[in-house]
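As structure tokens, the structure follows; a few thoughts come after it.
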Amino acid sequence: MMINSAYVDSVDENKLVEDGIRGMLKGLDPHSSYSTPEEAKAMHESLEGDFEGIGVQFNILSDTLVVIQPTLNGPSEKAGIRPGDRIVWVDDSLIAGVKMPRANIVKLLRGKKGSKVRLGVIRPGVSERLNFTIKRDVIPVHSVESAYMIKPGIGYVHVSSFGEKTHKELMDGVDSLLHHGMNTLVLDLEDNGGGLMGAAVEIANEFLEPGDTIVYMYGRATPMKVYTARGNGRLRNIKVYVLVNEYTASAAEIVSGALQDYDRATIVGRRTFAKGLVQRPVDLPDGSMMRITIAHYYTPSGRCIQKPYKKGDPDDYARDIENRLKHGELTSIDSIHLDKNQKYYTRRLHRVVYGGGGIMPDIFVPFDSTNITHFHRQLAAKNIIINHLLTYVDHERKPLLKRYKSFADFKRNYTVPAVLTDSIIADAKSKKVEPKDKAELDATLPLLRTQLKALIARDLWSLNEYYQIWNDENDVLRAALKAAGAK
């Protein structure tokens, strides 16, 4: 390479090549991309639904790794690691008090299945350091984060992404809900950034009739390919409400669009992200990967999911959500201007739906910008809430589990103590983060208490319990339940 041999200073040839690839792809479209070997590996793990490691959920408190929960039946739980343990050594590396980046800690803890790692652990109430040798194993990552009966006859399922195991996880959750009398399903795809198209097709198949189109795709060099329902879906007679928002994208839009176009579900929320470009992964010899856009996704009625974009201008594309807020689309239905030239019709009831990018819901729910105050946003941005939460749960875990014998008891009777909110507000003041007046403080506290209660439930149990509390604040969910006739 001429640059490597003649340039005035030494250069990193690998980085130069990577920058060149990124530059070429940047000029194509917003979703063609290059991933380093490390980034490609992380992407595969998220889609495969598992990784290899020791199996602990943790957070960093005062520069020390604190175990929140070991994975159920995972390597750490089997070895005797408990919630509240401090992992201070990993093999020969001290990780406590040395300001080691979180990514580096994760790298030390993960490793090939069957490999062993030595941990040095400090346990509250035990004077000497405990030593564990843990054999790493496959650790599942779940994309179905919550499934529970939210009202009599109404089940709720939250899907965070679409991976290889999402369909099975969804149906496992649905089976449990059907056993408890579910006849209406609320499928929450809010903030779901998508994932594998195959997972979306499998899930949509559960709701549609034989031969129904789920999605089709084609591009300049890619022949049209149509995906259809096989007719073996187990949820064809279940009433469905799908929750979406401006961060619902890609595979989640395929499901939403298919169910809307066949009048199979009521879509509730705000217009989706509008990511309808199909990428083909190209694996490179060093483990890195390019993702090249080869086609567009279309819903059964013919709507192109992808929103318009300017080639070579990713910044404009990235500002789309911000622009929606500025133009009022997120907060007022009167500010939504649909493209009358892109009028389509649903396949069964022949209702009008519009193209132009994304899936427009059947029931619009405005974003409530007054729901969370500026003070609350600052508390979250400065990590003040999470830091005090970790300290509180660390000290109160055993007393809380002893007092509340079940999550139902906790949800019904637990109240966030004033000492916790007072400590957050006092710490914020010391960091010059303060409400502008008493009215803003009074407006902040109710949602803050709900957030804290939900986070405490998550750390004592799981994300399933977190959603059962936090969903009380979800306006989109409330609108769906109202439409479903829930009392």
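Numbering starts fresh at 1 for the residues of each chain in the structure tokens, the chains themselves are lettered A, B, ... in the order given, and ligands are numbered from 1 as they appear.
Residues lying within 10 Å of Asn413 (chain A), counting only C-alpha atoms and ignoring same-chain neighbours fewer than 5 positions away, are Tyr404, Phe407 and Ala408 of chain A.
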Note to self: With DSSP run on the backbone, what are the helix (DSSP H, G or I) residues within region 221-456 of chain A? I'd like them as JSON, numbers by chain.
What the structure shows: {"A": [251, 252, 253, 254, 255, 256, 257, 258, 259, 260, 261, 314, 315, 316, 317, 318, 320, 321, 322, 323, 324, 325, 326, 327, 333, 334, 335, 374, 375, 376, 377, 378, 379, 380, 381, 384, 385, 386, 387, 388, 389, 390, 391, 392, 393, 394, 395, 396, 397, 398, 399, 400, 401, 402, 403, 407, 408, 409, 410, 411, 412, 413, 418, 419, 420, 421, 422, 423, 424, 425, 426, 427, 428, 429, 430, 438, 439, 440, 441, 442, 443, 444, 445, 446, 447, 448, 449, 450, 451, 452, 453, 454, 455, 456]}
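By chain and then residue number, the residues within 9 Å of Leu455 (chain A) are Ile386, Leu389, Thr450, Gln451, Leu452, Lys453, Ala457, Arg458, Asp459, Leu460, Leu463, Tyr466, Ile469 and Trp470 of chain A, counting only C-alpha atoms and disregarding those fewer than 2 positions away in sequence.
Minimum atom-to-atom distances from A:Ser32, A:Ser62, A:Asn464, A:Gln378 to Ile425 (chain A) were compared using only C-alpha atoms, and the lowest value belongs to A:Gln378.
Nearest residue to Gly163 (chain A), choosing from A:His44, A:Ala274, A:Leu177, A:Leu235 and counting only C-alpha atoms: A:His44.
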Mind the document's chain letters and residue numbers, and return as a short mmCIF file (atom, residue, chain, number, x, y, z; two decimals) with N, CA, C and O atoms, in the first residue's frame the residues of region 323-352 of chain A that DSSP labels strand (DSSP E).
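And here is the file that came out, selection19.cif:
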data_model
loop_
_atom_site.label_atom_id
_atom_site.label_comp_id
_atom_site.auth_asym_id
_atom_site.auth_seq_id
_atom_site.Cartn_x
_atom_site.Cartn_y
_atom_site.Cartn_z
N LYS A 343 -51.48 5.92 -0.55
CA LYS A 343 -52.66 5.35 0.11
C LYS A 343 -52.76 3.86 -0.26
O LYS A 343 -52.69 3.48 -1.42
N TYR A 344 -52.89 3.04 0.77
CA TYR A 344 -53.02 1.59 0.57
C TYR A 344 -54.24 1.11 1.36
O TYR A 344 -54.83 1.86 2.14
N TYR A 345 -54.61 -0.16 1.15
CA TYR A 345 -55.80 -0.70 1.81
C TYR A 345 -55.49 -2.02 2.48
O TYR A 345 -54.75 -2.86 1.93
N VAL A 352 -58.11 2.20 5.00
CA VAL A 352 -57.01 2.96 4.41
C VAL A 352 -55.81 2.98 5.38
O VAL A 352 -55.97 3.26 6.58
#
Next item on the list: Just the residues within 8 Å of region 258-267 of chain A, please, counting only C-alpha atoms, with nothing from its chain fewer than 5 positions along; format it as a count of residues only.
Entry: 24
Next item on the list: Please provide the set of residues having any atom within 10 Å of Asp63 (chain A), restricted to only C-alpha atoms, with same-chain residues fewer than 3 positions apart removed, written as a list in words.
Entry: Asn59, Ile60, Val66, Val88, Ile95, Ala96, Gly97, Val98, Lys99, Met100, Pro101 and Arg102 of chain A
Those residues you just picked out, can you put them in a file as a JSON list (two decimals), in the first residue's frame with N, CA, C and O atoms?
[["chain", "number", "residue", "atom", "x", "y", "z"],
["A", 59, "ASN", "N", -23.65, -4.86, 38.68],
["A", 59, "ASN", "CA", -23.49, -3.43, 38.50],
["A", 59, "ASN", "C", -22.22, -2.99, 39.21],
["A", 59, "ASN", "O", -21.67, -3.73, 40.04],
["A", 60, "ILE", "N", -21.76, -1.80, 38.88],
["A", 60, "ILE", "CA", -20.55, -1.27, 39.50],
["A", 60, "ILE", "C", -20.96, -0.26, 40.55],
["A", 60, "ILE", "O", -21.63, 0.73, 40.26],
["A", 66, "VAL", "N", -20.61, -5.49, 41.97],
["A", 66, "VAL", "CA", -21.55, -6.07, 42.93],
["A", 66, "VAL", "C", -22.52, -6.97, 42.16],
["A", 66, "VAL", "O", -23.14, -6.53, 41.19],
["A", 88, "VAL", "N", -13.79, -9.14, 43.35],
["A", 88, "VAL", "CA", -12.67, -8.20, 43.39],
["A", 88, "VAL", "C", -11.47, -8.67, 42.58],
["A", 88, "VAL", "O", -10.62, -7.87, 42.18],
["A", 95, "ILE", "N", -9.83, -6.21, 39.96],
["A", 95, "ILE", "CA", -10.80, -5.40, 39.21],
["A", 95, "ILE", "C", -11.51, -4.39, 40.10],
["A", 95, "ILE", "O", -12.29, -3.58, 39.60],
["A", 96, "ALA", "N", -11.28, -4.42, 41.40],
["A", 96, "ALA", "CA", -11.93, -3.48, 42.32],
["A", 96, "ALA", "C", -11.00, -2.34, 42.67],
["A", 96, "ALA", "O", -9.81, -2.54, 42.94],
["A", 97, "GLY", "N", -11.55, -1.13, 42.66],
["A", 97, "GLY", "CA", -10.77, 0.04, 43.07],
["A", 97, "GLY", "C", -9.72, 0.49, 42.08],
["A", 97, "GLY", "O", -8.86, 1.30, 42.40],
["A", 98, "VAL", "N", -9.80, -0.02, 40.84],
["A", 98, "VAL", "CA", -8.77, 0.34, 39.85],
["A", 98, "VAL", "C", -9.39, 1.04, 38.63],
["A", 98, "VAL", "O", -8.71, 1.27, 37.63],
["A", 99, "LYS", "N", -10.70, 1.37, 38.74],
["A", 99, "LYS", "CA", -11.41, 2.07, 37.67],
["A", 99, "LYS", "C", -11.29, 1.34, 36.32],
["A", 99, "LYS", "O", -11.10, 1.95, 35.27],
["A", 100, "MET", "N", -11.42, 0.02, 36.38],
["A", 100, "MET", "CA", -11.39, -0.76, 35.14],
["A", 100, "MET", "C", -12.69, -0.56, 34.37],
["A", 100, "MET", "O", -13.77, -0.65, 34.94],
["A", 101, "PRO", "N", -12.62, -0.29, 33.06],
["A", 101, "PRO", "CA", -13.84, -0.12, 32.26],
["A", 101, "PRO", "C", -14.71, -1.37, 32.32],
["A", 101, "PRO", "O", -14.21, -2.50, 32.36],
["A", 102, "ARG", "N", -16.01, -1.14, 32.30],
["A", 102, "ARG", "CA", -16.95, -2.25, 32.36],
["A", 102, "ARG", "C", -16.71, -3.28, 31.26],
["A", 102, "ARG", "O", -16.79, -4.49, 31.48]]
Given only C-alpha atoms, how would the per-residue table for region 145-226 of chain A near region 246-250 of chain A read, listing every residue at most 7 Å away with its closest atom pair and distance in Å to one decimal, sorted by chain and number, as CSV?
residue,atom,partner,partner_atom,distance
A:Leu189,CA,A:Thr248,CA,6.3
A:Glu190,CA,A:Thr248,CA,5.5
A:Asp191,CA,A:Tyr247,CA,4.6
A:Asn192,CA,A:Thr248,CA,4.8
A:Gly193,CA,A:Ala249,CA,4.7
A:Gly194,CA,A:Ser250,CA,4.8
So that I have them on file, write out the residues from the current selection with all heavy atoms, as an mmCIF file, in the first residue's frame.
data_model
loop_
_atom_site.group_PDB
_atom_site.id
_atom_site.type_symbol
_atom_site.label_atom_id
_atom_site.label_comp_id
_atom_site.auth_asym_id
_atom_site.auth_seq_id
_atom_site.Cartn_x
_atom_site.Cartn_y
_atom_site.Cartn_z
ATOM 1 N N LEU A 189 -44.145 -4.139 21.568
ATOM 2 C CA LEU A 189 -42.943 -4.013 20.737
ATOM 3 C C LEU A 189 -42.361 -2.604 20.835
ATOM 4 O O LEU A 189 -41.560 -2.206 19.977
ATOM 5 C CB LEU A 189 -43.272 -4.339 19.273
ATOM 6 C CG LEU A 189 -43.824 -5.747 19.002
ATOM 7 C CD1 LEU A 189 -44.041 -5.947 17.507
ATOM 8 C CD2 LEU A 189 -42.892 -6.822 19.546
ATOM 9 N N GLU A 190 -42.718 -1.863 21.871
ATOM 10 C CA GLU A 190 -42.129 -0.536 22.060
ATOM 11 C C GLU A 190 -40.619 -0.672 22.273
ATOM 12 O O GLU A 190 -40.160 -1.573 22.979
ATOM 13 C CB GLU A 190 -42.752 0.153 23.274
ATOM 14 C CG GLU A 190 -44.220 0.480 23.115
ATOM 15 C CD GLU A 190 -44.796 1.015 24.409
ATOM 16 O OE1 GLU A 190 -45.056 0.211 25.319
ATOM 17 O OE2 GLU A 190 -44.968 2.235 24.495
ATOM 18 N N ASP A 191 -39.865 0.222 21.662
ATOM 19 C CA ASP A 191 -38.405 0.259 21.808
ATOM 20 C C ASP A 191 -37.719 -0.996 21.268
ATOM 21 O O ASP A 191 -36.544 -1.220 21.535
ATOM 22 C CB ASP A 191 -37.991 0.480 23.264
ATOM 23 C CG ASP A 191 -38.542 1.768 23.833
ATOM 24 O OD1 ASP A 191 -38.623 2.756 23.085
ATOM 25 O OD2 ASP A 191 -38.916 1.791 25.019
ATOM 26 N N ASN A 192 -38.446 -1.831 20.520
ATOM 27 C CA ASN A 192 -37.856 -3.045 19.945
ATOM 28 C C ASN A 192 -37.175 -2.667 18.640
ATOM 29 O O ASN A 192 -37.834 -2.338 17.654
ATOM 30 C CB ASN A 192 -38.955 -4.095 19.713
ATOM 31 C CG ASN A 192 -38.413 -5.425 19.201
ATOM 32 O OD1 ASN A 192 -37.552 -5.472 18.336
ATOM 33 N ND2 ASN A 192 -38.918 -6.508 19.750
ATOM 34 N N GLY A 193 -35.848 -2.733 18.627
ATOM 35 C CA GLY A 193 -35.082 -2.311 17.458
ATOM 36 C C GLY A 193 -34.972 -3.342 16.364
ATOM 37 O O GLY A 193 -34.287 -3.120 15.366
ATOM 38 N N GLY A 194 -35.648 -4.489 16.523
ATOM 39 C CA GLY A 194 -35.656 -5.488 15.457
ATOM 40 C C GLY A 194 -34.672 -6.609 15.685
ATOM 41 O O GLY A 194 -34.411 -7.015 16.817
#
Notebook entry, point to check: Within 12 Å of Pro83 (chain A), counting only C-alpha atoms, which residues qualify if same-chain residues fewer than 4 places away don't, as a PyMOL selection string?
Noted result: chain A and resi 56-59+65-72+76-77+87+121-124+390+393-398+401+459-461
Notebook entry, point to check: Which residue out of A:Leu16, A:Ile203, A:Val268, A:Met149 has the minimum interatomic distance to Met171 (chain A) when only C-alpha atoms are used?
Noted result: A:Ile203
Note to self: Taking 6 positions as the minimum chain separation for residues in the same chain, which residues sit within 12 Å of Gly23 (chain A) when counting only C-alpha atoms? Answer as JSON, numbers by chain.
What the structure shows: {"A": [16, 17, 29, 30, 32, 33, 34, 312, 313, 314]}
